[in-house]
Each structure stands twice: as C-alpha cells, then as structure tokens.
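S.K.: Sending over structure.pdb (PDB, C-alpha atoms, pLDDT in the B column).
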ATOM      1  CA  GLU L   1     339.743 140.446 121.624  1.00 53.00           C
ATOM      2  CA  ASP L   2     342.129 138.542 119.357  1.00 60.00           C
ATOM      3  CA  MET L   3     344.636 136.327 121.117  1.00 63.00           C
ATOM      4  CA  GLU L   4     348.138 136.244 119.769  1.00 69.00           C
ATOM      5  CA  ILE L   5     349.365 132.739 118.947  1.00 67.00           C
ATOM      6  CA  THR L   6     352.617 131.942 120.733  1.00 70.00           C
ATOM      7  CA  PRO L   7     355.218 130.670 118.265  1.00 72.00           C
ATOM      8  CA  ARG L   8     356.723 127.343 119.241  1.00 72.00           C
ATOM      9  CA  LYS L   9     360.315 127.960 120.172  1.00 76.00           C
ATOM     10  CA  VAL L  10     361.781 124.489 120.653  1.00 82.00           C
ATOM     11  CA  ASN L  11     362.335 121.873 117.978  1.00 82.00           C
ATOM     12  CA  PRO L  12     361.607 118.265 119.001  1.00 85.00           C
ATOM     13  CA  GLY L  13     365.316 117.423 118.726  1.00 86.00           C
ATOM     14  CA  ASP L  14     366.052 120.063 121.385  1.00 88.00           C
ATOM     15  CA  MET L  15     363.590 118.602 123.904  1.00 91.00           C
ATOM     16  CA  SER L  16     364.595 116.247 126.700  1.00 93.00           C
ATOM     17  CA  VAL L  17     363.262 113.103 128.299  1.00 93.00           C
ATOM     18  CA  GLU L  18     361.843 114.000 131.712  1.00 94.00           C
ATOM     19  CA  HIS L  19     360.688 111.371 134.209  1.00 94.00           C
ATOM     20  CA  ARG L  20     358.599 112.163 137.270  1.00 94.00           C
ATOM     21  CA  GLU L  21     357.745 109.521 139.884  1.00 94.00           C
ATOM     22  CA  ALA L  22     354.417 109.720 141.700  1.00 92.00           C
ATOM     23  CA  ALA L  23     356.154 108.440 144.843  1.00 95.00           C
ATOM     24  CA  ASN L  24     358.507 111.444 144.838  1.00 95.00           C
ATOM     25  CA  PRO L  25     356.382 114.384 143.616  1.00 93.00           C
ATOM     26  CA  THR L  26     357.611 117.902 142.893  1.00 91.00           C
ATOM     27  CA  PHE L  27     355.122 120.706 143.511  1.00 92.00           C
ATOM     28  CA  ASN L  28     355.152 124.093 141.779  1.00 88.00           C
ATOM     29  CA  PRO L  29     353.894 127.352 143.262  1.00 83.00           C
ATOM     30  CA  GLY L  30     350.379 127.823 141.972  1.00 80.00           C
ATOM     31  CA  ARG L  31     347.658 130.331 141.332  1.00 80.00           C
ATOM     32  CA  ARG L  32     345.517 129.306 144.324  1.00 79.00           C
ATOM     33  CA  ALA L  33     346.439 128.606 147.938  1.00 77.00           C
ATOM     34  CA  GLU L  34     344.023 125.698 148.424  1.00 79.00           C
ATOM     35  CA  ILE L  35     345.495 123.722 145.502  1.00 86.00           C
ATOM     36  CA  LYS L  36     348.807 121.880 145.188  1.00 90.00           C
ATOM     37  CA  TYR L  37     350.249 121.748 141.646  1.00 92.00           C
ATOM     38  CA  ARG L  38     352.273 118.547 140.976  1.00 95.00           C
ATOM     39  CA  ASP L  39     354.819 119.070 138.199  1.00 95.00           C
ATOM     40  CA  LEU L  40     354.758 116.315 135.548  1.00 97.00           C
ATOM     41  CA  GLY L  41     357.961 117.425 133.781  1.00 96.00           C
ATOM     42  CA  LEU L  42     356.443 118.576 130.490  1.00 96.00           C
ATOM     43  CA  GLU L  43     357.572 122.183 130.909  1.00 95.00           C
ATOM     44  CA  ALA L  44     361.190 121.115 131.435  1.00 95.00           C
ATOM     45  CA  ALA L  45     361.036 118.591 128.565  1.00 96.00           C
ATOM     46  CA  THR L  46     359.636 121.132 126.088  1.00 95.00           C
ATOM     47  CA  ARG L  47     361.629 124.080 127.432  1.00 93.00           C
ATOM     48  CA  GLY L  48     358.482 126.034 128.149  1.00 93.00           C
ATOM     49  CA  ASP L  49     356.382 125.180 125.106  1.00 94.00           C
ATOM     50  CA  MET L  50     353.921 123.141 127.213  1.00 95.00           C
ATOM     51  CA  ARG L  51     353.118 122.517 130.868  1.00 95.00           C
ATOM     52  CA  ALA L  52     351.352 119.619 132.611  1.00 97.00           C
ATOM     53  CA  GLU L  53     350.419 119.522 136.275  1.00 96.00           C
ATOM     54  CA  VAL L  54     348.051 117.516 138.424  1.00 96.00           C
ATOM     55  CA  MET L  55     346.056 119.842 140.634  1.00 93.00           C
ATOM     56  CA  HIS L  56     345.194 118.438 144.111  1.00 91.00           C
ATOM     57  CA  ILE L  57     342.916 120.089 146.646  1.00 85.00           C
ATOM     58  CA  SER L  58     345.062 120.600 149.730  1.00 74.00           C
ATOM     59  CA  GLU L  59     342.846 122.674 152.039  1.00 69.00           C
ATOM     60  CA  GLY L  60     339.269 121.407 151.870  1.00 64.00           C
ATOM     61  CA  THR L  61     336.997 122.373 149.007  1.00 63.00           C
ATOM     62  CA  SER L  62     337.861 125.103 146.559  1.00 71.00           C
ATOM     63  CA  ARG L  63     336.245 128.508 146.513  1.00 75.00           C
ATOM     64  CA  PRO L  64     334.858 130.367 143.476  1.00 85.00           C
ATOM     65  CA  THR L  65     337.681 131.885 141.463  1.00 88.00           C
ATOM     66  CA  GLY L  66     335.737 134.813 140.074  1.00 90.00           C
ATOM     67  CA  TRP L  67     335.574 135.572 136.371  1.00 94.00           C
ATOM     68  CA  HIS L  68     338.875 135.473 134.496  1.00 93.00           C
ATOM     69  CA  TYR L  69     340.618 134.312 131.361  1.00 94.00           C
ATOM     70  CA  HIS L  70     344.049 132.874 130.681  1.00 94.00           C
ATOM     71  CA  THR L  71     346.747 134.319 128.439  1.00 93.00           C
ATOM     72  CA  ALA L  72     347.794 131.028 126.888  1.00 92.00           C
ATOM     73  CA  ASP L  73     346.952 129.548 123.519  1.00 94.00           C
ATOM     74  CA  VAL L  74     344.974 126.715 125.108  1.00 95.00           C
ATOM     75  CA  GLN L  75     344.274 125.067 128.459  1.00 96.00           C
ATOM     76  CA  PHE L  76     343.248 121.401 128.613  1.00 98.00           C
ATOM     77  CA  LEU L  77     341.710 119.826 131.741  1.00 97.00           C
ATOM     78  CA  HIS L  78     341.102 116.122 132.421  1.00 98.00           C
ATOM     79  CA  MET L  79     339.409 115.023 135.648  1.00 98.00           C
ATOM     80  CA  ILE L  80     341.165 112.150 137.404  1.00 97.00           C
ATOM     81  CA  LYS L  81     339.287 112.035 140.723  1.00 96.00           C
ATOM     82  CA  GLY L  82     336.434 113.987 142.279  1.00 94.00           C
ATOM     83  CA  TRP L  83     334.602 116.735 140.415  1.00 94.00           C
ATOM     84  CA  VAL L  84     334.726 120.431 139.583  1.00 94.00           C
ATOM     85  CA  LYS L  85     332.005 122.863 138.435  1.00 95.00           C
ATOM     86  CA  MET L  86     333.002 125.622 136.022  1.00 95.00           C
ATOM     87  CA  GLU L  87     330.938 128.320 134.339  1.00 94.00           C
ATOM     88  CA  PHE L  88     331.294 129.657 130.803  1.00 92.00           C
ATOM     89  CA  GLY L  89     329.280 132.224 128.890  1.00 83.00           C
ATOM     90  CA  ASP L  90     328.557 129.943 125.953  1.00 78.00           C
ATOM     91  CA  ALA L  91     328.352 126.549 127.705  1.00 83.00           C
ATOM     92  CA  GLY L  92     326.792 127.526 131.039  1.00 87.00           C
ATOM     93  CA  VAL L  93     327.748 125.457 134.069  1.00 92.00           C
ATOM     94  CA  VAL L  94     329.866 122.427 133.227  1.00 95.00           C
ATOM     95  CA  THR L  95     330.640 119.686 135.751  1.00 96.00           C
ATOM     96  CA  LEU L  96     333.741 117.592 135.117  1.00 97.00           C
ATOM     97  CA  SER L  97     333.613 114.108 136.664  1.00 97.00           C
ATOM     98  CA  PRO L  98     336.297 111.386 136.540  1.00 98.00           C
ATOM     99  CA  GLY L  99     337.250 110.700 132.926  1.00 98.00           C
ATOM    100  CA  ASP L 100     335.748 113.985 131.632  1.00 98.00           C
ATOM    101  CA  SER L 101     337.849 116.605 129.877  1.00 98.00           C
ATOM    102  CA  ILE L 102     337.459 120.129 128.555  1.00 97.00           C
ATOM    103  CA  THR L 103     339.530 122.268 126.206  1.00 97.00           C
ATOM    104  CA  ILE L 104     339.502 125.999 126.936  1.00 96.00           C
ATOM    105  CA  PRO L 105     340.889 128.292 124.217  1.00 95.00           C
ATOM    106  CA  GLY L 106     343.023 131.182 125.456  1.00 94.00           C
ATOM    107  CA  GLY L 107     341.007 134.308 126.194  1.00 94.00           C
ATOM    108  CA  THR L 108     337.825 132.394 127.118  1.00 94.00           C
ATOM    109  CA  VAL L 109     336.143 134.082 130.087  1.00 94.00           C
ATOM    110  CA  HIS L 110     335.125 131.569 132.763  1.00 95.00           C
ATOM    111  CA  GLN L 111     335.118 130.846 136.483  1.00 94.00           C
ATOM    112  CA  GLU L 112     335.427 127.829 138.720  1.00 92.00           C
ATOM    113  CA  LEU L 113     332.492 127.618 141.104  1.00 92.00           C
ATOM    114  CA  CYS L 114     333.471 124.749 143.404  1.00 89.00           C
ATOM    115  CA  SER L 115     335.057 121.313 143.537  1.00 90.00           C
ATOM    116  CA  SER L 116     335.068 118.199 145.668  1.00 91.00           C
ATOM    117  CA  ASP L 117     337.548 117.928 148.510  1.00 89.00           C
ATOM    118  CA  ASP L 118     339.289 115.009 146.764  1.00 91.00           C
ATOM    119  CA  MET L 119     339.727 116.688 143.358  1.00 93.00           C
ATOM    120  CA  GLU L 120     342.653 115.588 141.202  1.00 95.00           C
ATOM    121  CA  LEU L 121     342.708 117.350 137.846  1.00 96.00           C
ATOM    122  CA  LEU L 122     345.274 117.127 135.044  1.00 98.00           C
ATOM    123  CA  GLU L 123     345.952 120.564 133.551  1.00 97.00           C
ATOM    124  CA  ILE L 124     347.956 121.051 130.346  1.00 97.00           C
ATOM    125  CA  SER L 125     348.675 124.451 128.826  1.00 96.00           C
ATOM    126  CA  VAL L 126     350.352 125.676 125.665  1.00 95.00           C
ATOM    127  CA  PRO L 127     352.637 127.471 126.207  1.00 94.00           C
ATOM    128  CA  ALA L 128     353.763 126.578 129.731  1.00 93.00           C
ATOM    129  CA  LYS L 129     353.237 130.132 130.996  1.00 91.00           C
ATOM    130  CA  LEU L 130     349.534 130.447 131.828  1.00 88.00           C
ATOM    131  CA  GLY L 131     348.753 134.022 132.831  1.00 90.00           C
ATOM    132  CA  THR L 132     345.454 134.861 134.512  1.00 92.00           C
ATOM    133  CA  VAL L 133     343.544 138.093 133.918  1.00 94.00           C
ATOM    134  CA  ASN L 134     340.656 138.798 136.296  1.00 93.00           C
ATOM    135  CA  VAL L 135     337.638 140.483 134.694  1.00 93.00           C
ATOM    136  CA  GLU L 136     334.269 141.844 135.741  1.00 90.00           C
ATOM    137  CA  ALA L 137     331.445 139.341 135.619  1.00 86.00           C
ATOM    138  CA  PRO L 138     329.638 139.365 132.271  1.00 83.00           C
ATOM    139  CA  GLU L 139     326.335 141.282 132.373  1.00 79.00           C
ATOM    140  CA  TRP L 140     324.248 138.101 132.108  1.00 74.00           C
ATOM    141  CA  ALA L 141     326.190 136.600 135.046  1.00 74.00           C
ATOM    142  CA  ARG L 142     325.664 139.699 137.215  1.00 66.00           C
ATOM    143  CA  GLU L 143     321.924 139.417 136.604  1.00 61.00           C
ATOM    144  CA  ARG L 144     321.947 135.828 137.878  1.00 56.00           C
ATOM    145  CA  SER L 145     324.735 135.998 140.467  1.00 50.00           C
ATOM    146  CA  ASP L 146     322.766 134.167 143.160  1.00 50.00           C
ATOM    147  CA  ASP L 147     321.875 131.205 140.950  1.00 51.00           C
ATOM    148  CA  TYR L 148     324.730 128.687 140.751  1.00 47.00           C
ATOM    149  CA  GLY L 149     322.559 125.838 139.525  1.00 45.00           C
ATOM    150  CA  ASP L 150     322.981 124.155 136.157  1.00 39.00           C
ATOM    151  CA  ARG L 151     322.403 126.834 133.523  1.00 37.00           C
ATOM    152  CA  SER L 152     323.815 124.911 130.577  1.00 36.00           C
ATOM    153  CA  GLU L 153     320.491 125.040 128.723  1.00 34.00           C
ATOM    154  CA  VAL L 154     319.855 128.703 129.578  1.00 32.00           C
ATOM    155  CA  HIS L 155     323.128 130.029 128.196  1.00 31.00           C
ATOM    156  CA  LYS L 156     323.814 127.901 125.127  1.00 30.00           C
ATOM    157  CA  VAL L 157     322.785 130.705 122.786  1.00 29.00           C
ATOM    158  CA  GLY L 158     323.585 134.381 122.782  1.00 29.00           C
ATOM    159  CA  HIS L 159     326.550 134.680 125.127  1.00 31.00           C
ATOM    160  CA  ALA L 160     329.988 134.837 123.578  1.00 33.00           C
ATOM    161  CA  ALA L 161     332.805 133.414 125.711  1.00 34.00           C
ATOM    162  CA  ASN L 162     334.783 136.626 125.488  1.00 31.00           C
ATOM    163  CA  THR L 163     332.141 139.050 126.777  1.00 30.00           C
TER     164      THR L 163
END
Could you take the file, read its structure, and then write that structure out as structure tokens?
M.R.:
Amino acid sequence: EDMEITPRKVNPGDMSVEHREAANPTFNPGRRAEIKYRDLGLEAATRGDMRAEVMHISEGTSRPTGWHYHTADVQFLHMIKGWVKMEFGDAGVVTLSPGDSITIPGGTVHQELCSSDDMELLEISVPAKLGTVNVEAPEWARERSDDYGDRSEVHKVGHAANT
C-alpha cells in the first residue's frame, strides 16, 4: 500500500522556541497504558509538523503490542535507557539497547514484543500525529507465533514489511 506523504504546513519562520525542563515534565496521553509519554515541545514548536516524546515504562514491563503500522511519514526511535525488542517482517527481531536507534517508515508492519522495566525511549514522528492501525499477523508470523527468539537471520529475505 502506498503511503501518502504529508505536506509540511509550517514555514521555519512560523515556528516557535519551546523549552521543556526535565525537572518539570509534561506528559501526554499515549497509545499504551503502561507507558508515560513525556512531551519534549517539538509538536508545539513545529505546529504539528513533528513530535518528540520520551517514553517511560510506568507499570512494570511492557506487553506485546500485536501487529500494527503507523500512519505517519516516519517514526524514529532512540534508546536512552533499558532495552526493547521489536519484530519486523524484513529485519526479524531487533533489540534496541542504550544508544541504538531505528527509523521506521510509515506503513511498516511491526510489533513490540517486550521491554525492560526501566525503558526510556525517545520517539520522534513526522508529522506529529502518529495514527496506529492494528493488522492481522503476517502469515509467516502466524506460523511461528510461539517462537519469540531472535529471528533476524531467518527473516532477512522474502518478507516485505508491508505484508
């Protein structure tokens, strides 16, 4: 499925300086109950062209999200603390550790499997609105649904991200 590119709507001269202090965080409502989403001010500064949040586990470890994709142009993740395991059709299981990052193009089917109970993850999306569309597990994933080990070598070839 072709993703529509979201036209940028704000010129740099129309953006604002936004300052957020770590000592006085603002949290946004999020997609998942066990995660707190700390607003970094990018959405306000760019008037919705971009969003940046730090995701913190707030209720123990995360649970599998199930297969889904996002209706944004791109999602960028950078691990600050802890770890997270995600699964993709073309890359298999990917573990992000502190300092690791991953860029996920809009429309890429994936799932989060689990994370550490101290996870802190920077998430940036373009545009700010990041819709989530739940989908059925890809056929290859249904065949191996009980195996959540590292399949990065198994699935490097032959599985498009949008299946």
S.K.: Taking the file as I've supplied it (selection: the PyMOL selection byres ((chain L and resi 65) around 8)), which residues are included? Please answer as a PyMOL selection string.
M.R.: chain L and resi 63-64+66-68+111-113
S.K.: Measuring between only C-alpha atoms, which one of L:Leu121, L:Ala72, L:Val109, L:Met79 shows the shortest distance to L:Gly92?
M.R.: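 Closest to L:Gly92, using only C-alpha atoms: L:Val109.
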S.K.: To one decimal in Å, tell me the separation between atom CA of L:Glu139 and atom CA of L:Gly107.
M.R.: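 Spanning atom CA of L:Glu139 to atom CA of L:Gly107 is a straight-line distance of 17.4 Å.
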S.K.: Rounded to one decimal place, report the atom CA of L:Thr132-atom CA of L:Asn11 distance in Å.
M.R.: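 Computing the Euclidean distance for atom CA of L:Thr132 and atom CA of L:Asn11 yields 27.0 Å.
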S.K.: Using all atoms listed in the file, can you tell me which of L:Glu136, L:Asp14, L:Glu53, L:Asp90 comes closest to L:Arg38?
M.R.: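 Result for the nearest residue to L:Arg38: L:Glu53.
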S.K.: Take the PyMOL selection byres ((chain L and resi 18-24) around 10), apply it to the structure above, and return the hits as an NGL selection string.
M.R.: :L and (15-17 or 25-27 or 38-46)
S.K.: Excluding L:Ile57 and any residue of its chain fewer than 3 positions from it, enumerate the residues within 9 Å of it, using all atoms listed in the file, and give them as a list in words.
M.R.: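 Residues meeting the cut-off are Glu34, Ile35, Lys36, Gly60, Thr61, Ser62, Ser115, Ser116, Asp117, Asp118, Met119 and Glu120 of chain L.
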S.K.: Let me know the residues the PyMOL selection byres ((chain L and resi 102) around 9) catches in the file above, as a ChimeraX atom specification.
M.R.: /L:75-79,96,100-101,103-104
S.K.: State, in Å with one decimal place, the distance from atom CA of L:Thr6 to atom CA of L:Val135.
M.R.: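 Result for atom CA of L:Thr6 versus atom CA of L:Val135: 22.2 Å, one decimal.
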S.K.: Which is closest to L:Tyr37 among L:Cys114, L:Met50, L:Val10, L:Leu122, if we use all atoms listed in the file?
M.R.: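 Smallest separation from L:Tyr37 among the options: L:Leu122.
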S.K.: I'd like to know which of L:Pro7, L:Gly13, L:Gly89, L:Gly99 is closest to L:Val126, using all atoms listed in the file.
M.R.: L:Pro7
S.K.: Set the distance at 8 Å and use only C-alpha atoms: which residues neighbour L:Ser97 once local chain neighbours fewer than 5 positions away are removed? I'd like the list as a ChimeraX atom specification.
M.R.: /L:79-84
S.K.: Write only N, CA and C atoms for stretch 56-75 of chain L from the block just shown, as a compact mmCIF listing (two decimals), in the first residue's frame.
M.R.:
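The result, written out as out_29.txt:
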# COMPACT_ATOMS: atom_id res chain seq x y z
N HIS L 56 8.45 6.33 28.87
CA HIS L 56 8.93 5.72 30.12
C HIS L 56 7.96 4.61 30.51
N ILE L 57 8.50 3.45 30.86
CA ILE L 57 7.64 2.40 31.41
C ILE L 57 7.15 2.88 32.77
N SER L 58 5.84 2.80 32.99
CA SER L 58 5.30 3.27 34.25
C SER L 58 4.62 2.17 35.06
N GLU L 59 4.39 1.02 34.46
CA GLU L 59 3.70 -0.07 35.17
C GLU L 59 4.38 -1.40 34.88
N GLY L 60 5.62 -1.56 35.31
CA GLY L 60 6.32 -2.82 35.07
C GLY L 60 6.75 -2.93 33.61
N THR L 61 6.95 -4.16 33.16
CA THR L 61 7.40 -4.36 31.78
C THR L 61 6.24 -4.24 30.81
N SER L 62 6.58 -3.92 29.58
CA SER L 62 5.54 -3.78 28.56
C SER L 62 5.06 -5.14 28.10
N ARG L 63 3.93 -5.13 27.44
CA ARG L 63 3.34 -6.35 26.88
C ARG L 63 3.42 -6.26 25.36
N PRO L 64 3.34 -7.39 24.66
CA PRO L 64 3.35 -7.33 23.19
C PRO L 64 2.22 -6.44 22.68
N THR L 65 2.54 -5.65 21.68
CA THR L 65 1.56 -4.72 21.13
C THR L 65 0.64 -5.37 20.13
N GLY L 66 1.05 -6.48 19.55
CA GLY L 66 0.35 -7.04 18.40
C GLY L 66 0.82 -6.32 17.14
N TRP L 67 0.53 -6.90 16.02
CA TRP L 67 0.99 -6.37 14.73
C TRP L 67 0.22 -5.11 14.38
N HIS L 68 0.93 -4.11 13.88
CA HIS L 68 0.32 -2.83 13.53
C HIS L 68 1.26 -2.05 12.62
N TYR L 69 0.75 -0.95 12.10
CA TYR L 69 1.61 0.02 11.43
C TYR L 69 1.12 1.40 11.80
N HIS L 70 1.96 2.40 11.53
CA HIS L 70 1.62 3.77 11.88
C HIS L 70 1.35 4.60 10.63
N THR L 71 0.37 5.47 10.72
CA THR L 71 0.01 6.36 9.62
C THR L 71 0.72 7.70 9.81
N ALA L 72 2.02 7.65 9.73
CA ALA L 72 2.87 8.84 9.74
C ALA L 72 3.88 8.64 8.61
N ASP L 73 4.57 9.69 8.25
CA ASP L 73 5.59 9.54 7.21
C ASP L 73 6.75 8.70 7.73
N VAL L 74 7.15 8.97 8.99
CA VAL L 74 8.29 8.25 9.56
C VAL L 74 8.21 8.32 11.08
N GLN L 75 8.74 7.28 11.71
CA GLN L 75 8.87 7.20 13.16
C GLN L 75 10.33 6.89 13.43
